[in-house]
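Q: I'd like to ask you about the structure that follows.
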Amino acid sequence: MIRKWGPYVLLVLMVIASYLVFDWAVGAVIHSRKVVLVPDLSSKAVNEALNLLSPLGLGLEKEGEQFDKRFPAGAILHQTPAPGMPVREGRIIRVTVSQGGETLFVPNLVGQPLRNTQTSLQNLGLSVGEIERRPSLKFEKDQVMMTDPPTGAIVSKNGLVNLVLSEGPPAADVLLIPD
């Protein structure tokens with residue numbers, strides 16, 4: 001009976017021994033890496049973060065971007081794993097990078113009535129700032145003559161756009177200087 005089952009028992013013992021040697025070898029390789037603490041990367045530029053991570057044997061991967069007016073564009077907002085966590089060398093630190101405050105372009109509002117201008121600005125996330133009125137032969141009453149900042153200028157979301165509105169034609173005794 002031993003002759004019949006002997007080779008099979010020997011084969012099972014060799015498989016078990018092979019598994020244990022393999023498990024020990026893989027464990028030795030993985031656990032031979034040094035444990036380091038993850039530094040705090042928040043509000044640092046990506047290049048500065050790389051300079052902090054490289055000597056520790058850690059990598060960096062940009063996971064995403066989001067608008068945040070508290071931080072300039074390119075600053076790190078969030079990281080995984082969190083600062084102070086012990087990790088092994090070779091670990092990748094995933095970060096979310098700021099795109100700065102959300103910015104918009106001032107639309108061309110010249111010639112638009114005040115009501116349409118207010119709606120257009122509100123739809124973009126902007127507001128009407130100061131309103132100045134001037135006489136004009138070119139624009140009808142309550143039409144936008146110019147904006148400050150001017151058309152195409154970059155402004156932050158929730159910013160103000162000052163308007164110069166037409167009062168219509170000037171009084172008879174007023175002399176206008178042409179543009």
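We name chains A, B, ... following the order of the structure tokens; residues begin at 1 in each chain, and ligands are numbered from 1 as shown.
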What's around Gly159 of chain A at 10 Å? Count only C-alpha atoms, leave out sequence neighbours fewer than 6 positions away in its own chain, and write the answer as an NGL selection string.
A: :A and (103-104 or 106 or 121 or 125-129)
Q: Taking the DSSP assignment computed from this structure's backbone, write out as number ranges by chain all residues of segment 3-179 of chain A that belong to alpha helix (DSSP H).
A: A: 3-31, 46-53, 114-124
Q: Which residue is closest to Leu37 of chain A? Choose from A:Pro81, A:Leu60, A:Glu102, A:Lys141 and count only C-alpha atoms.
A: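 Using only C-alpha atoms, the shortest distance to Leu37 of chain A belongs to A:Pro81.
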Q: Just want the 9 Å neighbourhood of segment 134-137 of chain A, counted on only C-alpha atoms, with same-chain residues fewer than 6 positions away dropped. Output as a ChimeraX atom specification.
A: /A:145,164-171,176
Q: Give me the residues within 10 Å of Lys34 of chain A as a PyMOL selection string, counting only C-alpha atoms and dropping any in the same chain fewer than 4 places off.
A: chain A and resi 30+56-57+86-90
Q: Calculated over only C-alpha atoms, which of the candidates A:Arg91, A:Val21, A:Thr80, A:Gly101 has the smallest distance to Val36 of chain A?
A: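 Between A:Arg91, A:Val21, A:Thr80, A:Gly101, the residue approaching Val36 of chain A most closely is A:Arg91.
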Q: Might you pull out every residue within 8 Å of Ser98 of chain A, with only C-alpha atoms counted and same-chain residues fewer than 4 positions away left off, and present them as a VMD selection string?
A: chain A and resid 65 to 68 71 to 77
